[in-house]
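Okay, structure_29.csv is below, CSV, C-alpha atoms:
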```
chain,number,residue,atom,x,y,z
A,205,MET,CA,13.4,27.1,-25.4
A,206,LYS,CA,12.5,24.1,-27.4
A,207,ALA,CA,15.4,22.0,-26.1
A,208,GLN,CA,14.2,22.4,-22.5
A,209,LYS,CA,10.7,21.1,-23.1
A,210,SER,CA,10.0,17.7,-22.0
A,211,PRO,CA,8.7,15.5,-24.8
A,212,ASP,CA,6.4,13.6,-22.4
A,213,ASN,CA,4.1,16.6,-21.8
A,214,ASN,CA,1.9,15.8,-24.8
A,215,ILE,CA,2.0,12.0,-24.5
A,216,LYS,CA,-1.2,10.5,-23.2
A,217,LYS,CA,-1.0,7.2,-21.4
A,218,VAL,CA,-3.9,4.8,-21.9
A,219,LEU,CA,-4.4,1.8,-19.6
A,220,TYR,CA,-6.2,-1.1,-21.2
A,221,PHE,CA,-7.8,-3.8,-19.1
A,222,ASN,CA,-8.2,-7.4,-20.2
A,223,PRO,CA,-11.4,-7.7,-22.2
A,224,GLU,CA,-14.4,-9.4,-20.6
A,225,VAL,CA,-15.1,-12.4,-22.9
A,226,GLU,CA,-18.7,-13.6,-23.5
A,227,PRO,CA,-19.4,-16.5,-23.2
A,228,ASP,CA,-17.3,-17.0,-20.2
A,229,ILE,CA,-15.2,-20.0,-21.3
A,230,GLU,CA,-11.6,-20.3,-20.0
A,231,GLU,CA,-10.2,-21.9,-23.2
A,232,ILE,CA,-11.0,-18.9,-25.4
A,233,LYS,CA,-9.9,-16.1,-23.0
A,234,GLU,CA,-6.1,-16.3,-23.7
A,235,PRO,CA,-6.3,-16.3,-27.5
A,236,THR,CA,-8.9,-13.5,-27.3
A,237,ASN,CA,-6.6,-11.4,-25.1
A,238,ASN,CA,-3.6,-12.0,-27.4
A,239,ALA,CA,-5.6,-11.0,-30.5
A,240,PHE,CA,-7.1,-8.0,-28.8
A,241,PHE,CA,-3.8,-6.6,-27.4
A,242,SER,CA,-2.1,-7.3,-30.7
A,243,ALA,CA,-4.6,-5.1,-32.4
A,244,VAL,CA,-4.3,-2.4,-29.7
A,245,SER,CA,-0.5,-2.3,-29.9
A,246,ASP,CA,-0.6,-2.1,-33.7
A,247,ASN,CA,-3.1,0.7,-33.5
A,248,THR,CA,-1.2,2.7,-30.8
A,249,SER,CA,2.1,2.3,-32.5
A,250,ASN,CA,0.8,4.5,-35.3
A,251,MET,CA,-0.1,7.2,-32.9
A,252,LYS,CA,2.8,9.4,-31.8
A,253,ARG,CA,1.0,10.9,-28.8
A,254,ASN,CA,-0.2,7.7,-27.1
A,255,ARG,CA,1.4,5.1,-24.9
A,256,MET,CA,-0.4,1.9,-24.1
A,257,LEU,CA,-0.2,0.2,-20.8
A,258,ARG,CA,-1.8,-3.2,-20.1
A,259,ALA,CA,-3.4,-4.3,-16.9
A,260,GLU,CA,-3.7,-8.0,-16.5
A,261,VAL,CA,-7.0,-7.6,-14.7
A,262,GLN,CA,-10.5,-8.1,-16.1
A,263,ILE,CA,-13.2,-5.7,-15.0
A,264,PRO,CA,-16.9,-6.6,-15.5
A,265,TYR,CA,-18.0,-4.4,-18.4
A,266,ASP,CA,-21.5,-3.8,-17.1
A,267,SER,CA,-20.6,-3.0,-13.5
A,268,ILE,CA,-17.5,-0.8,-13.4
A,269,ASP,CA,-16.5,0.7,-10.1
A,270,LYS,CA,-15.4,4.3,-10.4
A,271,GLN,CA,-12.9,4.0,-7.5
A,272,THR,CA,-11.2,1.0,-9.2
A,273,ILE,CA,-10.6,3.1,-12.3
A,274,ILE,CA,-9.2,6.0,-10.2
A,275,ASP,CA,-6.9,3.6,-8.3
A,276,TYR,CA,-5.5,1.9,-11.4
A,277,CYS,CA,-5.0,5.3,-13.2
A,278,SER,CA,-3.2,6.9,-10.3
A,279,ASN,CA,-1.1,3.8,-9.6
A,280,ASN,CA,0.0,3.5,-13.3
A,281,ALA,CA,0.2,7.3,-13.9
A,282,THR,CA,-2.2,7.1,-16.9
A,283,ASP,CA,-4.5,9.7,-18.4
A,284,PHE,CA,-7.2,7.3,-19.6
A,285,ALA,CA,-8.5,3.8,-19.0
A,286,ILE,CA,-10.3,1.6,-21.5
A,287,VAL,CA,-12.6,-1.3,-20.3
A,288,PRO,CA,-13.3,-3.7,-23.3
A,289,LYS,CA,-15.6,-6.5,-23.9
A,290,VAL,CA,-15.5,-9.2,-26.6
A,291,LYS,CA,-18.8,-11.0,-27.4
A,292,TYR,CA,-18.7,-14.0,-29.6
A,293,PHE,CA,-21.8,-15.0,-31.7
A,294,LYS,CA,-23.0,-18.5,-30.9
A,295,VAL,CA,-24.0,-20.4,-33.9
A,296,GLY,CA,-25.4,-23.9,-34.0
A,297,LEU,CA,-26.8,-26.3,-31.4
A,298,GLY,CA,-23.6,-27.3,-29.7
A,299,LYS,CA,-22.3,-25.8,-26.5
A,300,TYR,CA,-18.9,-24.7,-28.0
A,301,VAL,CA,-19.9,-23.9,-31.6
A,302,PHE,CA,-19.0,-20.3,-32.3
A,303,SER,CA,-18.9,-18.2,-35.4
A,304,ASN,CA,-15.9,-16.0,-36.2
A,305,GLN,CA,-18.1,-12.9,-35.7
A,306,VAL,CA,-17.5,-10.7,-32.7
A,307,VAL,CA,-18.8,-7.5,-31.1
A,308,ILE,CA,-16.1,-5.5,-29.5
A,309,SER,CA,-17.3,-3.0,-27.0
A,310,MET,CA,-15.2,-0.3,-25.2
A,311,LYS,CA,-15.8,2.2,-22.5
A,312,LEU,CA,-13.3,5.1,-22.1
A,313,PHE,CA,-12.8,6.7,-18.7
A,314,ASP,CA,-10.6,9.6,-17.7
A,315,SER,CA,-8.2,9.4,-14.8
A,316,THR,CA,-10.9,10.6,-12.3
A,317,GLY,CA,-13.1,7.7,-13.2
A,318,ASN,CA,-15.6,9.6,-15.3
A,319,LEU,CA,-17.1,7.8,-18.4
A,320,LEU,CA,-16.1,9.9,-21.4
A,321,THR,CA,-17.6,7.7,-24.2
A,322,GLU,CA,-18.4,4.2,-25.2
A,323,THR,CA,-18.7,2.4,-28.5
A,324,ASP,CA,-19.1,-1.0,-30.0
A,325,TYR,CA,-18.1,-2.5,-33.3
A,326,ASP,CA,-20.0,-5.5,-34.8
A,327,THR,CA,-17.8,-7.2,-37.4
A,328,TYR,CA,-20.8,-8.8,-39.1
A,329,ARG,CA,-22.9,-5.7,-39.5
A,330,LYS,CA,-20.0,-3.4,-40.4
A,331,ASN,CA,-18.0,-5.6,-42.7
A,332,MET,CA,-20.4,-8.4,-43.6
A,333,ARG,CA,-17.5,-10.8,-42.9
A,334,LEU,CA,-18.5,-14.4,-43.3
A,335,LEU,CA,-15.1,-15.9,-43.9
A,336,GLY,CA,-11.8,-15.4,-42.1
A,337,SER,CA,-10.3,-16.3,-38.8
A,338,THR,CA,-11.7,-15.2,-35.5
A,339,GLU,CA,-8.3,-13.6,-34.7
A,340,ASN,CA,-8.7,-11.3,-37.7
A,341,SER,CA,-12.3,-10.5,-36.7
A,342,ILE,CA,-11.1,-9.5,-33.2
A,343,LYS,CA,-8.4,-7.3,-34.8
A,344,ILE,CA,-10.9,-5.6,-37.2
A,345,GLY,CA,-13.4,-5.1,-34.4
A,346,THR,CA,-10.8,-3.7,-32.1
A,347,ASN,CA,-9.6,-1.2,-34.7
A,348,GLY,CA,-13.1,-0.2,-35.5
A,349,ALA,CA,-14.0,0.3,-31.8
A,350,ILE,CA,-10.8,2.4,-31.2
A,351,LYS,CA,-11.7,4.5,-34.3
A,352,GLY,CA,-15.3,4.9,-32.9
A,353,ILE,CA,-13.9,6.1,-29.6
A,354,LEU,CA,-11.6,8.6,-31.2
A,355,LYS,CA,-14.5,9.9,-33.4
A,356,LYS,CA,-16.8,10.3,-30.4
A,357,LEU,CA,-14.1,11.9,-28.3
A,358,LYS,CA,-13.4,14.5,-31.0
A,359,LYS,CA,-17.1,15.4,-30.9
A,360,ILE,CA,-17.1,15.8,-27.1
A,361,ARG,CA,-13.7,17.6,-26.9
A,362,PRO,CA,-12.8,19.3,-30.1
A,363,THR,CA,-9.7,20.9,-28.4
A,364,ALA,CA,-6.1,19.6,-28.6
A,365,GLU,CA,-6.8,17.7,-25.4
A,366,SER,CA,-8.8,15.2,-27.3
A,367,GLU,CA,-5.6,13.9,-29.0
A,368,PHE,CA,-6.2,10.6,-27.2
```
Transcribe the structure of this file into structure tokens.
Amino acid sequence: MKAQKSPDNNIKKVLYFNPEVEPDIEEIKEPTNNAFFSAVSDNTSNMKRNRMLRAEVQIPYDSIDKQTIIDYCSNNATDFAIVPKVKYFKVGLGKYVFSNQVVISMKLFDSTGNLLTETDYDTYRKNMRLLGSTENSIKIGTNGAIKGILKKLKKIRPTAESEF
């Protein structure tokens, strides 16, 4: 009977880690995290089958430990985990001169720690954005990266299971 079905059966829980920020400057990490998770929550609020969980932990993007992903997924009862990276373009001669252009990279893992797909979104190459705030660039890049992950996931798993 329809009334007896649990509505949580089809809901996929996705765990997002704090993005690795490049260059590694402490002053830009908190605003970057806020802009990134604002874009993620806006994006997942439109999806009826997804729930977002946030881990206040940063995992190195290039050296991801499979057991760490498994542990976080099992402890948080999630179906997927996303490890992001935000890379700022450095412009000029100064140490702290950045442009508002970013590259958002994401890796999607299943709950058993297997890499399903990865993508990146370059706000300069895709949108040719020269003006605008860095926060908006991060949001545009995050939305583009999530769309890229969904597109690649549908190619890998064309079944209903890919309703990430």
Pull the closest atom pair for each residue of segment 304-348 of chain A that gets at most 8 Å from segment 238-247 of chain A, along with the distance in Å to one decimal, counting all atoms listed in the file, ordering rows by chain and then ascending residue number, as a tab-separated table.
```
residue	atom	partner	partner_atom	distance
A:Glu339	CA	A:Ala239	CA	5.6
A:Asn340	CA	A:Ala239	CA	7.8
A:Ile342	CA	A:Phe240	CA	6.1
A:Lys343	CA	A:Ala243	CA	5.0
A:Ile344	CA	A:Ala243	CA	7.9
A:Thr346	CA	A:Ala243	CA	6.4
A:Asn347	CA	A:Ala243	CA	6.7
```
*asked:* Measuring between only C-alpha atoms, which one of A:Val290, A:Ala281, A:Ala349, A:Ile268 shows the shortest distance to Val307 of chain A?
replied: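 So, comparing all the options, the nearest one is A:Val290.
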*Out of A:Ile229, A:Met256, A:Ile360, A:Ile350, which residue has the shortest atom-to-atom distance to Ile308 of chain A when counting all atoms listed in the file?*
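Smallest separation from Ile308 of chain A among the options: A:Ile350.
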*Step by step: start from the point (-17.2, -0.2, -31.3) in the file's coordinates, keep every protein, DNA or RNA residue that has an atom no farther than 7 Å from it, count all atoms listed in the file, and write the set as an MDAnalysis selection string.*
chainID A and resid 308:310 323:326 345 348:350 352
*Grab the atom CA of Thr316 of chain A to atom CA of Ile274 of chain A distance for me, in Å with one decimal place.*
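Spanning atom CA of Thr316 of chain A to atom CA of Ile274 of chain A is a straight-line distance of 5.3 Å.
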_Ref. answer, residues at most 12 Å from (-10.4, -14.0, -24.5) with only C-alpha atoms, as a count of residues only_ = 32
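Across the structure, atom CA of Lys216 of chain A and atom CA of Tyr265 of chain A are spaced 23.0 Å apart.
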*By how many Å are atom CA of Tyr328 of chain A and atom CA of Leu219 of chain A apart?*
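Interatomic distance, atom CA of Tyr328 of chain A to atom CA of Leu219 of chain A: 27.6 Å.
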